[in-house]
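S.K.: The structure's right below; bear with me while I get my questions together.
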Amino acid sequence: MDLTKKRFKEDFKRMLTELYSMDVAQSEDTEQYFALGNLVRSYCAKNWSSTNRLYMKKEKKQAYYFSMEFLLGRMLKSNLLNLGILETVRGGLKELGIDLEKIVQIEADPGLGNGGLGRLAACFIDSMATCEIPGHGNGIRFKYGLFKQKFVNGYQVELPENWLQNGNVWETRRMNMAVTVSFYGKVWLEETVNGYMLPHYENTERVLAVPYDTPIIGYGNNTVNTLRLWSAELPAQDEAMDYWSYIQRRNRIESISEVLYPDDSNYEGRLLRLKQEYFFVSAGIQSIIRHYKKMGLSINHLAEKVAIHINDTHPALCIPELMRLLLDEEHLDWEHAWNITINVMSYTNHTIMSEALEKWPIDMISSLLPRVYQIISEIDRRYVEKMAALHSTGKIERTRIIEGGHVKMAHLAIIGSHSINGVAKLHTAILKEKVLHDFFLIYPSRFNNKTNGITQRRWLMLANEPLRELINEKIGNDWEKTLTELKMLKAFRNDEETLKELAEIKRINKAHFAEYVLDALKIEVDPDAIFDVQIKRLHAYKRQLLNLLHILKLYLDLKEDPKTDIHPRVFIFGAKAAPSYTYAKEIIKLINSVAELINHDASINNKLKIVFIENYGVSLAEKIIPAADVSEQISLASKEASGTSNMKLMLNGAVTLATLDGANVEIRDRVGSENIIIFGLTDKEVYQYYQDGSYHSHDYYENNPVLQRVLNTLIDGTIPDAETEGRDIFNSLVNYGDEYFVLRDFDEYVAAQKKIDKLYRDPLTWQRMALINIAGAGVFSSDYTVLQYANDIWDVAYRPDAGELLN
């Protein structure tokens with residue numbers, strides 16, 4: 001938008017007066033933040049309204065991205081950037097004596113996600129608006145998010161993350177668009193004279209779903225799409241009950257939209273999670289159909305105007321819920337409704353791990369969602385009947401939806417969708433060949449790959465402004481909309497001046513992060529050390545333990561000989577563990593105990609430091625990633641579907657240390673094997689171990705003196721205040737099979753780390769590798785990824801010139 005500093009200052013002062021009856025001199029950071037947020041929202045309001053009118057007027061097909069998570073991060077600077085007014089506002093505020101960076105800190109990170117799944121969804125909706133794709137997000141407005149992580153004596157403690165305490169300036173409550181979602185009760189069907197089955201509901205629990213809409217502003221255009229998040233509330237008619245009954249019922253209903261991923265270690269927690277999944281699915285699809293019908297179109301053409309995407313299995317109930325509405329409300333026959341549903345729905349599988357391949361007990365889903373369970377049962381019955389003439393009984397039993405007393409949500413998503421995609425070439429190949437092989441044989445044309453991506457706007461243009469300026473100086477700014485243009489940087493790979501400038505930017509970013517660490521954690525780290533970063537959800541398959549074992553080896557080497565020749569290292573961790581995931585929480589405690597040991601041992605001359613960032617999230621990632629030298633992507637091959645931290649880190653010039661897992665394979669193909677450090681088992685070798693059962697972790701402990709010495713520190717008292725955790729982890733690795741082959745890959749990992757130490761000592765070689773990684777990151781733009789979804793799966797329109805990215 002066109003905005004002068006003069007007009008902005010006038011608008012800002014007016015907004016301060018209207019909201020708080022004060023001028024700039026009287027205001028403080030909080031008033032300034034909310035005034036600026038309200039002003040920015042007013043700047044995009046016209047385009048938000050006109051975008052919606054355009055979609056309606058032209059009857060554009062729209063895509064709806066259903067996701068349990070949307071890990072947005074702070075939105076103020078992102079919205080300023082996308083509106084094209086960041087520098088104007090920054091300059092205008094400076095003239096008013098206000099530091100933009102200071103008031104940005106007032107904004108809370110939205111508690112709407114946990115890890116890569118939610119951050120991917122946030123990147124996708126940003127890219128949809130930028131590529132002018134008619135696409136919107138649909139999720140839950142979690143009041144407290146996942147949790148606020150605190151470390152107490154090294155242990156993870158979960159506290160409420162009350163991110164909405166001061167309100168959310170970006171959202172608009174749409175009470176007039178609320179819908180009702182029903183749970184429990186009994187349902188019976190009556191055949192009408194017209195031949196359709198009319199459902200009758202008794203004793204249902206009704207929940208009011210209230211939408212809160214957030215504008216999603218496209219970069220450099222006039223498109224503003226919508227993220228719709230639903231809040232669970234008590235229906236108005238229920239307020240007539242007695243006081244205590246009212247309070248109890250209100251609390252029970254509002255709990256649906258309070259916490260992301262409630263504790264699933266007990267029945268009540270699992271039931272609440274299932275409620276959440278149906279709640280936002282039902283509310284979202286009701287809203288979509290209501291909006292569709294406003295265009296005056298026949299429900300028979302729904303698939304021509306609506307695409308619904310299921311992001312992981314959490315929204316898999318989209319399929320029976322759409323069937324319910326088409327059958328019960330629109331009175332379509334089964335075959336017609338099923339054909340529409342399949343053509344509307346598409347599904348992304350994000351992992352082969354058990355927690356993402358959800359299944360629900362029949363008694364739970366039939367009790368909570370009786371009509372939906374009837375429909376699921378009928379989908380399953382018809383599937384079995386149809387497949388009986390085509391496939392073996394074994395294959396049908398392995399792929400049916402209801403089996404072993406459970407409803408398998410991934411099976412439901414596959415059978416009810418026209419497209420099933422993995423999120424990296426290797427991951428998709430494993431789905432086809434291993435995990436979903438039977439389904440691939442049944443529906444080969446439905447399977448496709450869409451490698452994940454990230455938005456360059458947040459992860460470089462905002463997070464690393466010095467690097468953005470350097471790139472613009474060297475190759476211009478076309479890359480800001482077409483990230484593949486970064487390949488032009490390769491022309492500077494032998495230009496010493498450019499490499500030195502790149503090194504200086506990294507040094508500045510490291511110094512800034514060191515200041516943060518000193519201020520927040522009281523740990524002093526050297527910006528000239530290697531900053532070795534592993535930031536991701538804490539899960540055993542991601543193998544933070546492998547990283548820790550190597551740190552312990554280095555520590556023991558230095559204790560034996562303080563003159564051991566290693567370049568100083570700062571090992572940086574950021575991770576949350578699920579509250580019920582005891583083993584992951586033990587790993588956090590062990591890392592923190594090792595940090596206490598190493599960080600306070602003067603005898604190692606500050607050659608090693610461990611920094612475990614508390615409450616890791618988007619805003620902290622924006623501090624860490626530009627400062628990273630090494631990107632740890634060390635999951636066991638075949639376990640990480642894609643990864644996106646690998647892309648963010650390479651985009652900012654970190655060198656990847658990786659197994660051939662997820663998108664690491666494609667990163668290697670882009671940058672060349674000489675510009676990435678690869679080690680460890682391949683996916684085929686992992687599956688061979690599974691097949692022949694020949695892996696015996698205890699043999700590695702017995703036969704490798706170095707590894708034995710390291711592992712013994714877990715149980716011999718070397719590590720303070722971690723006796724229980726150390727023993728449990730030792731047993732898991734040595735005596736209980738080492739599920740993720742940590743000991744098998746240890747020696748190769750140590751050798752890879754030695755290679756990094758050697759390479760880093762040659763500054764020009766290291767910076768050349770960094771530059772080539774930046775230049776190769778273009779294909780991992782989420783703009784490119786969502787264009788593939790729009791073109792290949794959703795069949796929706798996009799910005800005309802954006803199509804060039806697909807060629």
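Quick note on naming: the chains in the structure tokens go A, B, ... in the order shown, residues restart at 1 in each chain, and ligands are numbered from 1 in order of appearance.
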Using DSSP on the backbone, list every residue of stretch 364-573 of chain A that comes out as helix (DSSP H, G or I), and give them as a ChimeraX atom specification.

M.R.: /A:364-368,370-387,393-399,409-415,425-435,437-442,444-446,456-462,465-475,478-480,483-492,496-521,540-542,544-560

S.K.: Using only C-alpha atoms, which protein or nucleic acid residues come within 10 Å of stretch 59-63 of chain A? Drop anything in the same chain fewer than 6 positions from it, and give the result as a list of chain:residue names.

M.R.: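 Final neighbour list, sorted by chain and number: A:Arg53, A:Met128, A:Ile133, A:Pro134, A:Gly135, A:His136, A:Gly137, A:Ile288, A:Tyr292, A:Met295, A:Gly296, A:Leu297, A:Leu302, A:Ala303, A:Glu304, A:Lys305, A:Val306, A:Ala307, A:Ile308, A:His309, A:Val344, A:Tyr789, A:Ala790, A:Trp794, A:Asp795, A:Val796, A:Ala797.
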
S.K.: Restricting the output to C-alpha atoms, write the selected residues as a short mmCIF file (atom, residue, chain, number, x, y, z; two decimals), in the first residue's frame.

M.R.:
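Saved to again.cif:
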```cif
data_model
loop_
_atom_site.label_atom_id
_atom_site.label_comp_id
_atom_site.auth_asym_id
_atom_site.auth_seq_id
_atom_site.Cartn_x
_atom_site.Cartn_y
_atom_site.Cartn_z
CA ARG A 53 -16.44 -10.05 -2.31
CA MET A 128 -1.67 -18.91 -0.36
CA ILE A 133 -4.78 -18.59 -4.07
CA PRO A 134 -8.34 -18.47 -2.69
CA GLY A 135 -7.40 -20.43 0.40
CA HIS A 136 -8.17 -20.20 4.09
CA GLY A 137 -7.23 -21.89 7.35
CA ILE A 288 -18.23 -23.72 4.39
CA TYR A 292 -21.30 -21.94 -0.50
CA MET A 295 -23.82 -18.13 -3.92
CA GLY A 296 -27.11 -19.76 -4.89
CA LEU A 297 -25.42 -22.84 -6.29
CA LEU A 302 -19.92 -28.49 -4.27
CA ALA A 303 -16.74 -30.22 -5.44
CA GLU A 304 -16.41 -27.71 -8.28
CA LYS A 305 -16.24 -24.80 -5.83
CA VAL A 306 -14.81 -26.24 -2.59
CA ALA A 307 -11.62 -28.12 -1.73
CA ILE A 308 -11.03 -29.29 1.83
CA HIS A 309 -7.56 -30.37 2.84
CA VAL A 344 -13.79 -32.39 -2.15
CA TYR A 789 -1.22 -28.22 -4.11
CA ALA A 790 -3.34 -25.63 -5.93
CA TRP A 794 -7.17 -28.52 -5.19
CA ASP A 795 -7.68 -27.27 -8.76
CA VAL A 796 -7.92 -23.65 -7.62
CA ALA A 797 -6.69 -20.46 -9.27
#
```

S.K.: When you look at A:Ala236 with a cut-off of 12 Å (counting only C-alpha atoms), what residues show up, excluding the ones that are within fewer than 5 positions of it in the same chain? I need them as a VMD selection string.

M.R.: chain A and resid 175 178 180 206 to 209 241 246 250

S.K.: Selection from above, all heavy atoms, as a short mmCIF file (atom, residue, chain, number, x, y, z; two decimals), in the first residue's frame, can you write it?

M.R.:
```
data_model
loop_
_atom_site.label_atom_id
_atom_site.label_comp_id
_atom_site.auth_asym_id
_atom_site.auth_seq_id
_atom_site.Cartn_x
_atom_site.Cartn_y
_atom_site.Cartn_z
N MET A 175 -19.80 -13.43 15.91
CA MET A 175 -20.89 -14.12 16.62
C MET A 175 -22.04 -14.45 15.67
O MET A 175 -22.73 -15.47 15.85
CB MET A 175 -21.38 -13.24 17.77
CG MET A 175 -22.36 -13.93 18.70
SD MET A 175 -21.60 -15.34 19.53
CE MET A 175 -23.05 -16.18 20.14
N ALA A 178 -21.74 -17.98 14.16
CA ALA A 178 -21.61 -19.13 15.04
C ALA A 178 -22.48 -20.28 14.55
O ALA A 178 -23.52 -20.07 13.90
CB ALA A 178 -21.99 -18.75 16.47
N THR A 180 -23.74 -24.59 15.66
CA THR A 180 -23.91 -25.52 16.77
C THR A 180 -23.31 -26.88 16.42
O THR A 180 -23.53 -27.41 15.32
CB THR A 180 -25.40 -25.70 17.11
OG1 THR A 180 -25.94 -24.42 17.49
CG2 THR A 180 -25.58 -26.66 18.27
N ARG A 206 -25.25 -29.88 23.14
CA ARG A 206 -25.01 -28.90 22.09
C ARG A 206 -23.95 -27.90 22.55
O ARG A 206 -23.98 -27.41 23.68
CB ARG A 206 -26.31 -28.17 21.75
CG ARG A 206 -27.35 -29.08 21.10
CD ARG A 206 -28.76 -28.54 21.24
NE ARG A 206 -28.92 -27.26 20.57
CZ ARG A 206 -29.18 -27.10 19.27
NH1 ARG A 206 -29.29 -28.17 18.50
NH2 ARG A 206 -29.32 -25.91 18.74
N VAL A 207 -23.03 -27.62 21.65
CA VAL A 207 -21.93 -26.68 21.91
C VAL A 207 -21.99 -25.59 20.85
O VAL A 207 -22.14 -25.87 19.66
CB VAL A 207 -20.56 -27.39 21.87
CG1 VAL A 207 -19.42 -26.39 21.99
CG2 VAL A 207 -20.48 -28.45 22.97
N LEU A 208 -21.86 -24.35 21.28
CA LEU A 208 -21.82 -23.23 20.34
C LEU A 208 -20.38 -23.02 19.88
O LEU A 208 -19.47 -22.85 20.69
CB LEU A 208 -22.35 -21.96 21.01
CG LEU A 208 -22.62 -20.78 20.07
CD1 LEU A 208 -23.80 -21.09 19.15
CD2 LEU A 208 -22.90 -19.51 20.88
N ALA A 209 -20.17 -23.06 18.58
CA ALA A 209 -18.85 -22.81 18.00
C ALA A 209 -18.84 -21.39 17.44
O ALA A 209 -19.57 -21.08 16.50
CB ALA A 209 -18.56 -23.82 16.89
N MET A 241 -30.41 -22.73 33.31
CA MET A 241 -30.25 -23.76 34.33
C MET A 241 -29.75 -23.14 35.64
O MET A 241 -29.33 -21.99 35.68
CB MET A 241 -29.28 -24.84 33.84
CG MET A 241 -27.86 -24.35 33.61
SD MET A 241 -26.76 -25.67 33.04
CE MET A 241 -27.43 -25.99 31.41
N TYR A 246 -24.91 -24.70 35.66
CA TYR A 246 -24.45 -23.83 34.57
C TYR A 246 -22.93 -23.71 34.57
O TYR A 246 -22.27 -23.85 33.52
CB TYR A 246 -25.07 -22.44 34.73
CG TYR A 246 -24.46 -21.37 33.85
CD1 TYR A 246 -24.76 -21.30 32.50
CD2 TYR A 246 -23.56 -20.45 34.38
CE1 TYR A 246 -24.20 -20.33 31.69
CE2 TYR A 246 -22.99 -19.47 33.59
CZ TYR A 246 -23.30 -19.42 32.24
OH TYR A 246 -22.73 -18.45 31.44
N ARG A 250 -20.62 -25.07 31.62
CA ARG A 250 -19.80 -24.09 30.88
C ARG A 250 -18.33 -24.49 30.89
O ARG A 250 -17.65 -24.45 29.86
CB ARG A 250 -19.97 -22.71 31.51
CG ARG A 250 -19.30 -21.60 30.71
CD ARG A 250 -19.18 -20.33 31.51
NE ARG A 250 -18.28 -20.51 32.65
CZ ARG A 250 -18.07 -19.58 33.59
NH1 ARG A 250 -18.74 -18.44 33.54
NH2 ARG A 250 -17.26 -19.81 34.59
#
```

S.K.: Check which residues of stretch 728-782 of chain A sit at most 9 Å from stretch 466-483 of chain A using only C-alpha atoms, and return one row each with the closest pair of atoms and their distance in Å to one decimal, ordered by chain and rising number, as a Markdown table.

M.R.:
```
| residue | atom | partner | partner_atom | distance |
| --- | --- | --- | --- | --- |
| A:Ala777 | CA | A:Leu483 | CA | 7.7 |
| A:Gly778 | CA | A:Leu483 | CA | 4.4 |
| A:Val779 | CA | A:Leu483 | CA | 7.0 |
| A:Phe780 | CA | A:Leu483 | CA | 8.2 |
| A:Ser781 | CA | A:Leu483 | CA | 6.4 |
```

S.K.: Pick out the closest residue to A:Ser367 from this set: A:Phe183, A:Phe8, A:Phe746, A:Phe142. Count only C-alpha atoms.

M.R.: A:Phe183

S.K.: Neighbours of A:Gly97 within 10 Å (only C-alpha atoms; same-chain residues fewer than 4 positions away dropped), as a PyMOL selection string?

M.R.: chain A and resi 24-25+91-93

S.K.: Please write the residues from the selection above to a file, keeping all heavy atoms, as a PDB file, in the first residue's frame.

M.R.:
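That gives us result_21.pdb:
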```pdb
ATOM      1  N   VAL A  24       1.427  10.512  22.272  1.00  0.00           N
ATOM      2  CA  VAL A  24       2.597   9.642  22.222  1.00  0.00           C
ATOM      3  C   VAL A  24       3.426   9.762  23.489  1.00  0.00           C
ATOM      4  O   VAL A  24       3.899   8.760  24.057  1.00  0.00           O
ATOM      5  CB  VAL A  24       3.458   9.971  20.978  1.00  0.00           C
ATOM      6  CG1 VAL A  24       4.764   9.191  21.012  1.00  0.00           C
ATOM      7  CG2 VAL A  24       2.687   9.654  19.708  1.00  0.00           C
ATOM      8  N   ALA A  25       3.605  10.985  23.984  1.00  0.00           N
ATOM      9  CA  ALA A  25       4.453  11.203  25.153  1.00  0.00           C
ATOM     10  C   ALA A  25       3.911  10.495  26.388  1.00  0.00           C
ATOM     11  O   ALA A  25       4.670  10.056  27.256  1.00  0.00           O
ATOM     12  CB  ALA A  25       4.600  12.696  25.420  1.00  0.00           C
ATOM     13  N   GLY A  91      10.441   3.956  10.295  1.00  0.00           N
ATOM     14  CA  GLY A  91      10.963   5.316  10.250  1.00  0.00           C
ATOM     15  C   GLY A  91      10.045   6.314  10.922  1.00  0.00           C
ATOM     16  O   GLY A  91      10.500   7.223  11.637  1.00  0.00           O
ATOM     17  N   GLY A  92       8.746   6.167  10.696  1.00  0.00           N
ATOM     18  CA  GLY A  92       7.789   7.074  11.314  1.00  0.00           C
ATOM     19  C   GLY A  92       7.806   6.963  12.823  1.00  0.00           C
ATOM     20  O   GLY A  92       7.764   7.973  13.540  1.00  0.00           O
ATOM     21  N   LEU A  93       7.871   5.743  13.343  1.00  0.00           N
ATOM     22  CA  LEU A  93       7.935   5.549  14.792  1.00  0.00           C
ATOM     23  C   LEU A  93       9.219   6.144  15.373  1.00  0.00           C
ATOM     24  O   LEU A  93       9.209   6.745  16.453  1.00  0.00           O
ATOM     25  CB  LEU A  93       7.851   4.056  15.127  1.00  0.00           C
ATOM     26  CG  LEU A  93       6.490   3.388  14.911  1.00  0.00           C
ATOM     27  CD1 LEU A  93       6.594   1.887  15.123  1.00  0.00           C
ATOM     28  CD2 LEU A  93       5.424   3.974  15.834  1.00  0.00           C
TER      29      LEU A  93
END
```

S.K.: Taking into account only C-alpha atoms, which residue in the set A:Met769, A:Leu357, A:Leu759, A:Met647 is nearest to A:Gly116?

M.R.: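 Closest to A:Gly116 of all the choices is A:Met647.
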